[in-house]
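Student: Structure below; questions to follow.
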Amino acid sequence: MEPFHFNFAAFLLFVASLLLFEFLSLHCNALEHCLQEQSSSLLQLKRGFTSGKLETWRPRTNCCKWEGVTCDELGRVSGLDLSDRSISGKIDPSLFNLTSLRALNLANNWFDHIPIPDFGWDKLANLSSLIFFNSEFVGKVPASISYLRKLTSLDLSLNFGLSLTANPTFLRNMSGLRELFLDLVDISAYRDKWCGALVNFTPVLETLHMESCSLFGSSCSSLSMLPFLSTILFGNNTFESSILNSFVNFTSLSELQVQENGFKGVFPNQIFGLRNLKHLDISDNPMLSGSLPDFSEDNNMEILMLSNTNFSGNIPDTIGNLKFLLNLDLSSCQFSGIIPPSMVNLSKLATLSDNYKLYGQVPSSMFQISGFISLSLASNNFSGVLELEFIKNLNNLLYLDLSHSGFSITLRDADDESSSSSFPIVIFLGLAGCNLTKIPTFIRYQNQMHSLDLSNNRIHGEIPNWLWSINEQNNFLNVDWFISLANNNLTGEISPSICNLTRLWLLDLSMNRLTGYIPPCLFEEEINLHVLNLKGNQLHGAIPDGFSLKCDLQTIILGDNQLEGLLPRSLSNCRSLEILDLENNKLKDTFPYWLGNMSSLRVLVLRSNMFHGLVGPLYVNHETNHTFSMLHVFDISSNNFSGKLCGECFNNLKSIMVNKLKATQFFAYNLMGRYYDLDVFTIMNKGKLMTLQKFWKIFKSIDISNNHFEGEIPSAIGQLISLQVLNMSHNYLIGKIPPQLGNLPQLESLDLSMNSLSGNIPHELVSLHFLSFLNLSYNNLVGKIPLEGQLSTFSKASFEGNVGLCWFPCNKLVPKVSNKVTSPLGLSGIKNKIYMIVLGLLFGVGFGGCIATVVLLDVMCCNKGRRRKSR
C-alpha cells in the first residue's frame with residue numbers, strides 16, 4: 001500500500017504544479033497584454049485629440065506598456081496619467097469604457113476651452129483620483145461627477161482663469177474625499193453655500209485649496225467642524241477678518257495661507273502657537289497688524305510669511321526656538337529694533353523646493369538643492385549697525401534680502417579674502433540701501449550667485465573686474481543673472497568684461513557717474529539681456545548699432561547721458577521691446593517711424609534731444625504696419641519736430657482707445673521673490689515732472705510740447721478714451737480746441753498753453769470729471785469761460801493771456817484776464833497810463849504835433865508784446 005500512496009501523492013503534486021504553472025502563465029500573460037477592448041478604447045480616445053505626445057500608443061502593441069498607462073493583474077487599465085503631454089482636442093466618450101480606472105490625470109494640457117464631459121462618470125465608479133489641473137477646461141463642473149463615490153482626491157484648479165464654475169452639490173456623494181483643489185474656480189454664484197457644503201458632504205477632508213475663488217465674508221468659519229482638515233489655502237479672496245479667530249480652533253492645522261484678503265485689525269497670536277502648524281502665510285494684507293509672540297521650544301514652524309503687512313515691534317529673542325524654520329519673510333512691515341543674537345540658531349534647516357516655485361525665474365536644477373533657507377527682512381524700520389558676519393552660522397542660507405531694512409551693514413570679515421570662504425554660498429543677495437561704501441569682497445567667491453542687488457548705497461570707485469568673472473565658476477546651467485548697482489557713486493568705464501555673464505538678464509547701473517561708451521557686446525547674440533538701465537550717468541558716443549537678430553531686450557533705459565548721433569536701425573530687431581527711454585541726450589535724428597512695427601512697444605520717450613522733421617510714417621514708402629498700436633506713453637517733447645500733426649497717427653493708437661488694460665499683458669521683473677522696481681522715466685504731468693515706476697503699466701500719456709508743430713489739433717484725439725495726460729503746449733497750433741476732447745473721461749491733465757488757438761473754450765470740457773490740471777493760457781481764446789463741473793475749480797492762471805476771455809457774466813464791468821502780449825508784472829496797466837498821457841498831450845499841444853509820439857509809443861509796446869508772445 002505504501003508505494004501506492006507515494007505514487008498517488010506524487011501524482012497530486014504533479015497536477016497541482018501544472019495548475020500553478022498555468023495560473024502563473026495566465027497571470028504573467030495578463031500583465032504583459034492588456035485586454036483588446038481596453039486597447040481599442042484608448043486608441044479611440046487618442047483619435048479625439050488633435051495633438052499630443054503619445055508616440056507609443058500604436059495598434060497591435062501592448063497598451064499596458066504605453067506611456068501613461070497602468071494595468072491591473074487582469075490587463076484592465078487602472079491608471080491613466082496623460083499630464084504634461086501637450087494634448088489638445090476633445091475627450092472622446094470611449095474614456096468611460098475604462099471602467100476599472102482608479103486614477104485619471106489630464107493636468108497641464110490644452111483642451112481648447114471645452115467643457116468637462118457631462119455624461120459617463122457613472123461608469124467610472126472605481127475612480128479615486130481625478131486631476132484636471134491647468135488643462136483649460138471651461139463651463140460648469142458637471143453634476144454627474146457626484147457619481148464618483150470612491151473619490152479621495154479631486155483637482156479642478158487653474159483651468160483658464162475664472163472660466164470654470166462650480167456648484168457645491170457635485171460633492172454630495174463624496175464622503176471619502178480627502179483632497180480638494182479648486183484654485184481659480186469661480187464659485188461666486190454659490191459662495192454662501194460652499195463651506196457649509198464642505199462640512200456636510202466631505203467629513204474627512206484634509207486638504208482644501210480655494211485661492212482666488214471669490215470667497216468673501218465670514219462664510220467659512222464653520223470649517224473648524226472638519227476634524228481632519230490640516231491644509232487650508234484661501235489666498236486672494238475677500239474674507240472678513242473675523243474668520244481668523246476661527247482658525248484658532250484648528251488643532252490639526254499644519255498649513256494656513258490667507259494672503260491677499262484685505263484683512264483689517266489685529267492678527268490673533270494664538271495661531272502662532274498651534275502645535276502642528278508648519279506653514280503660515282498672511283502676507284499682502286497691508287491693514288493687518290500684529291506682533292511676533294514668544295515662540296515655544298516645541299514650535300514646528302517651517303515657513304513664516306508676513307511680508308507687506310502692518311506687523312510691528314521687535315523680533316523676539318525666542319525666534320531662535322524655530323529650529324525647523326526654512327523660510328522667514330518679514331519684508332515690507334514695520335518691525336524695528338535690532339536682530340536678536342538667537343537668529344544664528346536658525347541653521348539646522350531642510351529642503352524647501354515647493355516654496356521656491358512661487359518666485360519665478362528659477363531654474364529647474366534649483367529644486368535639487370538641499371538645505372535651503374530664505375531670510376528676508378527688507379523694507380522695515382530696524383535700527384543700528386548689523387555685521388554681515390551674522391550669516392556665517394547660517395550654513396544653508398541661499399536667499400538673503402536686507403534691502404532698505406533700516407540697518408547699516410558693516411562688512412569686516414565679508415571684506416577679508418582669507419575668511420570669505422566661511423560665508424554660506426548664496427543665490428540671491430539683496431543689500432540695497434544698507435549704507436555700504438564698497439562691494440563686499442566675499443561676493444568674489446560666490447560660485448552659485450546669480451542675483452545681486454547693491455543699489456542705493458554709497459559705493460564709490462570703479463566696478464571691480466572680478467565681478468564679471470563670477471560666471472566662469474558658476475555651477476548652475478542656464479541660470480539668468482540679475483545685477484543692480486544703481487544709485488551709487490561708481491566711476492570709470494563699463495568694462496567689456498561684463499559680457500562674460502552670457503546669461504545676463506537684468507543689468508541696472510543707473511544713477512552713477514560712469515563714463516565712456518556703452519559696450520557693443522551687450523547687444524550681441526551671445527548675451528541674454530532683457531533689461532538694461534544705464535540712466536543718469538555720463539556715457540557718451542553713439543548707441544552701438546549691433547543689436548542681434550535674436551535680440552530679447554524688453555527694457556532699454558539710457559536717459560540722462562550724453563549720447564549722440566543717430567538711433568541705430570538694428571534696434572528694430574528687438575521685437576520684444578516694451579520700454580525705450582532715451583530722454584535728455586544729444587541724439588540727432590528724424591522721427592523713428594520704423595519702431596512702429598514693434599507689437600510690444602508700450603513706452604517711447606525721446607524727450608529733450610535734437611530730433612527733427614515730421615512725425616509719422618514715410619508716406620512715400622506706403623508703410624502701413626508702423627502704427628505704434630500698443631503705445632501707452634508717447635513723449636517726444638523738447639525737440640525740433642515740425643509740421644502738422646498727423647491725425648491718422650492718433651487713429652492708430654489702439655491701446656489708448658480702450659478703457660481696460662488686459663491682465664497678464666505685463667510682467668514685473670522678479671528677483672527671487674522680490675519685485676524689482678525700475679525708475680522707468682519722467683513725464684510732465686500737471687505742470688510738474690513725475691517719475692513713473694511700475695505705474696507705467698496702466699498710465700497713458702501723450703506729450704508733444706516744446707516743438708514747432710503747427711496747424712490744427714486733430715479731432716481724432718477724442719477717440720483716445722483712456723488717455724490721462726495730454727500736453728501740446730509751446731507749439732504753433734492754430735484753430736479751435738476740438739470739442740471731442742470732452743470725450744476723454746480719464747483725462748487728468750490738459751496743457752494747451754503757449755499756442756495760437758482761437759475761438760471759444762468748448763463747453764464739452766466741463767464733463768471731464770477727473771481733470772485736476774488745466775492750462776489754456778497765452779492763446780487767442782475768446783468768449784465766456786465755462787464755470788461748470790471741473791472747470792469751475794481752476795484759477796485765473798489757467799486762462800491768463802487770452803485777451804478775449806471773460807468770467808461769467810461777460811457784460812459786467814469786471815477785470816478781464818490779461819492777454820498774451822502782457823506779462824504778470826502789469827505791463828498792460830502801464831501801457832494804458834501811457835495812452836492817457838498821450839491823450840492829454842493831444843488836447844494840450846495839438847493833434848498834429850503829437851501823432852508821431854503816439855505812433856512811436858504804439859510800435860514800442862506792440863513789438864515788446866510780440867517778443868513776449870514768441871518762444
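So you can find residues: chains in the C-alpha cells are A, B, ... in the order shown, residues in each start at 1, and ligands are numbered from 1 in order.
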Fewer than 2 positions away in the same chain doesn't count, so skip those; otherwise give me all residues within 10 Å of A:Ile282, counting only C-alpha atoms, as an MDAnalysis selection string.
Tutor: chainID A and resid 235 256:261 263 267 280 284:286 288 304:309
Student: Might you pull out every residue within 12 Å of A:Asn167, with only C-alpha atoms counted and same-chain residues fewer than 2 positions away left off, and present them as a ChimeraX atom specification?
Tutor: /A:139-146,164-165,169-172,182,185-195,197-198
Student: I want to know what sits within 7 Å of A:Trp481, based on only C-alpha atoms, with residues of the same chain fewer than 2 positions away left out; could you give that as a JSON list (two decimals) with N, CA, C and O atoms, in the first residue's frame?
Tutor:
[["chain", "number", "residue", "atom", "x", "y", "z"],
["A", 450, "HIS", "N", 23.46, 84.36, -8.56],
["A", 450, "HIS", "CA", 23.01, 84.88, -9.85],
["A", 450, "HIS", "C", 22.08, 86.07, -9.71],
["A", 450, "HIS", "O", 21.58, 86.58, -10.71],
["A", 451, "SER", "N", 21.84, 86.56, -8.47],
["A", 451, "SER", "CA", 21.04, 87.76, -8.28],
["A", 451, "SER", "C", 21.72, 88.62, -7.23],
["A", 451, "SER", "O", 21.91, 88.17, -6.09],
["A", 479, "VAL", "N", 21.40, 79.65, -15.98],
["A", 479, "VAL", "CA", 20.85, 80.48, -14.92],
["A", 479, "VAL", "C", 20.90, 81.94, -15.35],
["A", 479, "VAL", "O", 21.95, 82.44, -15.77],
["A", 483, "ILE", "N", 21.66, 91.84, -11.90],
["A", 483, "ILE", "CA", 22.64, 92.66, -11.20],
["A", 483, "ILE", "C", 22.18, 94.10, -11.18],
["A", 483, "ILE", "O", 21.86, 94.68, -12.23],
["A", 503, "ARG", "N", 24.60, 84.92, -19.53],
["A", 503, "ARG", "CA", 23.18, 84.76, -19.18],
["A", 503, "ARG", "C", 22.68, 85.99, -18.43],
["A", 503, "ARG", "O", 21.74, 85.91, -17.65],
["A", 504, "LEU", "N", 23.30, 87.14, -18.67],
["A", 504, "LEU", "CA", 22.89, 88.37, -18.00],
["A", 504, "LEU", "C", 21.49, 88.76, -18.45],
["A", 504, "LEU", "O", 21.26, 89.06, -19.62],
["A", 505, "TRP", "N", 20.54, 88.75, -17.53],
["A", 505, "TRP", "CA", 19.13, 89.02, -17.84],
["A", 505, "TRP", "C", 18.77, 90.46, -17.53],
["A", 505, "TRP", "O", 18.07, 91.11, -18.30],
["A", 506, "LEU", "N", 19.25, 90.97, -16.40],
["A", 506, "LEU", "CA", 18.94, 92.35, -16.00],
["A", 506, "LEU", "C", 20.21, 93.01, -15.52],
["A", 506, "LEU", "O", 20.92, 92.48, -14.67]]
Student: I want to know what sits within 8 Å of A:Leu490, based on only C-alpha atoms, with residues of the same chain fewer than 6 positions away left out; could you give that as an MDAnalysis selection string?
Tutor: chainID A and resid 459:463 512:514
Student: I need the residue nearest A:Leu723 from this list: A:His763, A:Lys700, A:Arg412, A:Lys65. Use only C-alpha atoms for the distance.
Tutor: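 Going through A:His763, A:Lys700, A:Arg412, A:Lys65 one by one, the smallest distance to A:Leu723 is for A:Lys700.
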Student: Would you mind writing down, as a ChimeraX atom specification, each residue of stretch 709-752 of chain A that DSSP on the backbone assigns to strand (DSSP E or B)?
Tutor: /A:709-711,725-727,732-733,736,749-751
Student: Those same residues, written as a PDB file, in the first residue's frame with C-alpha atoms?
Tutor:
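Output file result30.pdb is given in full below:
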ATOM      1  CA  PHE A 709       4.185 121.818 -34.607  1.00  0.00           C
ATOM      2  CA  GLU A 710       1.644 123.892 -36.492  1.00  0.00           C
ATOM      3  CA  GLY A 711      -1.848 123.562 -37.886  1.00  0.00           C
ATOM      4  CA  VAL A 725      -2.211 113.255 -19.742  1.00  0.00           C
ATOM      5  CA  LEU A 726      -2.210 115.422 -22.885  1.00  0.00           C
ATOM      6  CA  ASN A 727       0.442 118.118 -23.284  1.00  0.00           C
ATOM      7  CA  TYR A 732       2.410 126.981 -33.051  1.00  0.00           C
ATOM      8  CA  LEU A 733      -1.012 125.316 -33.132  1.00  0.00           C
ATOM      9  CA  LYS A 736     -10.242 125.884 -32.251  1.00  0.00           C
ATOM     10  CA  SER A 749      -4.062 116.821 -17.102  1.00  0.00           C
ATOM     11  CA  LEU A 750      -4.570 119.039 -20.181  1.00  0.00           C
ATOM     12  CA  ASP A 751      -1.986 121.612 -21.251  1.00  0.00           C
TER      13      ASP A 751
END
Student: Got a sec: who's within 12 Å of A:Pro464, counting only C-alpha atoms, leaving out chain neighbours fewer than 3 positions off, as a list in words?
Tutor: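 So, after excluding close chain neighbours, the residues are Lys438, Ile439, Pro440, Thr441, Ile443, Arg444, Ile459, His460, Gly461, Leu467, Trp468, Ser469, Ile470, Leu490, Thr491, Gly492, Glu493, Ile494, Ser495, Ser497 and Ile498 of chain A.
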Student: Could you take the residues named above and write them with N, CA, C and O atoms, as a short mmCIF file (atom, residue, chain, number, x, y, z; two decimals), in the first residue's frame?
Tutor:
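Result written to selection_7.cif:
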data_model
loop_
_atom_site.label_atom_id
_atom_site.label_comp_id
_atom_site.auth_asym_id
_atom_site.auth_seq_id
_atom_site.Cartn_x
_atom_site.Cartn_y
_atom_site.Cartn_z
N LYS A 438 31.49 99.97 -0.25
CA LYS A 438 32.21 99.21 -1.27
C LYS A 438 31.51 97.88 -1.50
O LYS A 438 30.69 97.44 -0.69
N ILE A 439 31.85 97.24 -2.61
CA ILE A 439 31.27 95.93 -2.93
C ILE A 439 31.94 94.88 -2.06
O ILE A 439 33.18 94.78 -2.05
N PRO A 440 31.17 94.09 -1.30
CA PRO A 440 31.77 93.10 -0.41
C PRO A 440 32.65 92.12 -1.17
O PRO A 440 32.25 91.55 -2.18
N THR A 441 33.85 91.89 -0.65
CA THR A 441 34.81 91.02 -1.32
C THR A 441 34.36 89.57 -1.33
O THR A 441 34.67 88.81 -2.26
N ILE A 443 31.76 88.31 -2.15
CA ILE A 443 30.97 88.00 -3.34
C ILE A 443 31.86 87.35 -4.41
O ILE A 443 31.40 86.53 -5.21
N ARG A 444 33.12 87.69 -4.39
CA ARG A 444 34.06 87.17 -5.39
C ARG A 444 34.12 85.65 -5.37
O ARG A 444 34.41 85.01 -6.40
N ILE A 459 28.48 103.23 -2.50
CA ILE A 459 29.63 102.55 -3.08
C ILE A 459 30.32 103.47 -4.09
O ILE A 459 29.67 104.05 -4.96
N HIS A 460 31.63 103.61 -3.96
CA HIS A 460 32.36 104.52 -4.85
C HIS A 460 33.50 103.77 -5.53
O HIS A 460 33.79 102.62 -5.22
N GLY A 461 34.14 104.46 -6.45
CA GLY A 461 35.24 103.85 -7.18
C GLY A 461 34.76 103.07 -8.39
O GLY A 461 33.59 103.12 -8.77
N LEU A 467 33.97 91.02 -10.63
CA LEU A 467 32.52 90.87 -10.54
C LEU A 467 31.95 90.23 -11.80
O LEU A 467 30.96 89.49 -11.75
N TRP A 468 32.59 90.51 -12.93
CA TRP A 468 32.10 89.97 -14.20
C TRP A 468 32.68 88.59 -14.50
O TRP A 468 32.39 88.01 -15.54
N SER A 469 33.52 88.08 -13.61
CA SER A 469 34.14 86.76 -13.82
C SER A 469 33.52 85.68 -12.98
O SER A 469 33.93 84.52 -13.05
N ILE A 470 32.55 86.04 -12.14
CA ILE A 470 31.91 85.04 -11.28
C ILE A 470 31.25 83.97 -12.12
O ILE A 470 31.20 82.79 -11.75
N LEU A 490 29.61 105.16 -8.37
CA LEU A 490 30.57 104.42 -9.18
C LEU A 490 31.12 105.30 -10.30
O LEU A 490 30.39 106.09 -10.91
N THR A 491 32.40 105.13 -10.56
CA THR A 491 33.06 105.90 -11.61
C THR A 491 33.76 104.95 -12.58
O THR A 491 33.71 103.73 -12.42
N GLY A 492 34.42 105.54 -13.56
CA GLY A 492 35.14 104.73 -14.54
C GLY A 492 34.23 104.26 -15.66
O GLY A 492 33.06 104.66 -15.76
N GLU A 493 34.77 103.42 -16.50
CA GLU A 493 34.05 102.94 -17.67
C GLU A 493 33.43 101.57 -17.40
O GLU A 493 33.83 100.86 -16.48
N ILE A 494 32.45 101.23 -18.21
CA ILE A 494 31.84 99.89 -18.13
C ILE A 494 32.73 98.94 -18.91
O ILE A 494 32.87 99.06 -20.13
N SER A 495 33.32 98.00 -18.22
CA SER A 495 34.28 97.11 -18.85
C SER A 495 33.58 96.13 -19.80
O SER A 495 32.52 95.59 -19.48
N SER A 497 34.34 93.29 -20.11
CA SER A 497 34.33 92.00 -19.40
C SER A 497 32.95 91.66 -18.87
O SER A 497 32.70 90.50 -18.51
N ILE A 498 32.09 92.65 -18.82
CA ILE A 498 30.72 92.40 -18.36
C ILE A 498 30.04 91.33 -19.21
O ILE A 498 29.14 90.62 -18.74
#
Student: Would you pick out the contacts of stretch 613-615 of chain A at 6 Å or less, using only C-alpha atoms, so that residues sharing its chain but fewer than 6 positions from it are not included, and give the list as a list in words?
Tutor: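 The residues satisfying every condition are Thr590, Phe591, Phe641, Ser642 and Gly643 of chain A.
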Student: For C-alpha atoms, I'd like the residues from the last selection saved as a PDB file, in the first residue's frame.
Tutor:
ATOM      1  CA  THR A 590      14.426 112.115 -37.662  1.00  0.00           C
ATOM      2  CA  PHE A 591      11.403 110.530 -36.044  1.00  0.00           C
ATOM      3  CA  PHE A 641       9.862 118.360 -34.643  1.00  0.00           C
ATOM      4  CA  SER A 642       7.760 120.410 -37.036  1.00  0.00           C
ATOM      5  CA  GLY A 643       4.903 120.289 -39.493  1.00  0.00           C
TER       6      GLY A 643
END
Student: Check the smallest atom-to-atom distance from each of A:Asn659, A:Thr152, A:Asn731, A:Gln746 to A:Ser637 using only C-alpha atoms, then report the winner.
Tutor: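 With only C-alpha atoms as the atom set, the closest residue is A:Asn731.
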Student: Looking at only C-alpha atoms, which of A:Phe523, A:Phe234, A:Tyr778, A:Phe239 is the one that sits closest to A:Leu549?
Tutor: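 Of the candidates, the smallest distance to A:Leu549 is held by A:Phe523.
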Student: Contacts of A:Gly337 at 12 Å or less, counting only C-alpha atoms, minus same-chain residues fewer than 3 places along, as a PyMOL selection string?
Tutor: chain A and resi 312-317+334+340+380-386+405-407
Student: Could you check the closest approach to A:Phe799 for each of A:Leu752, A:Ile557, A:Val531, A:Leu233 and tell me which residue wins, using only C-alpha atoms?
Tutor: A:Leu752
Student: Report, in Å with one decimal, the straight-line distance from atom CA of A:Glu417 to atom CA of A:Asn435.
Tutor: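 One can read the atom CA of A:Glu417 to atom CA of A:Asn435 distance as 21.0 Å.
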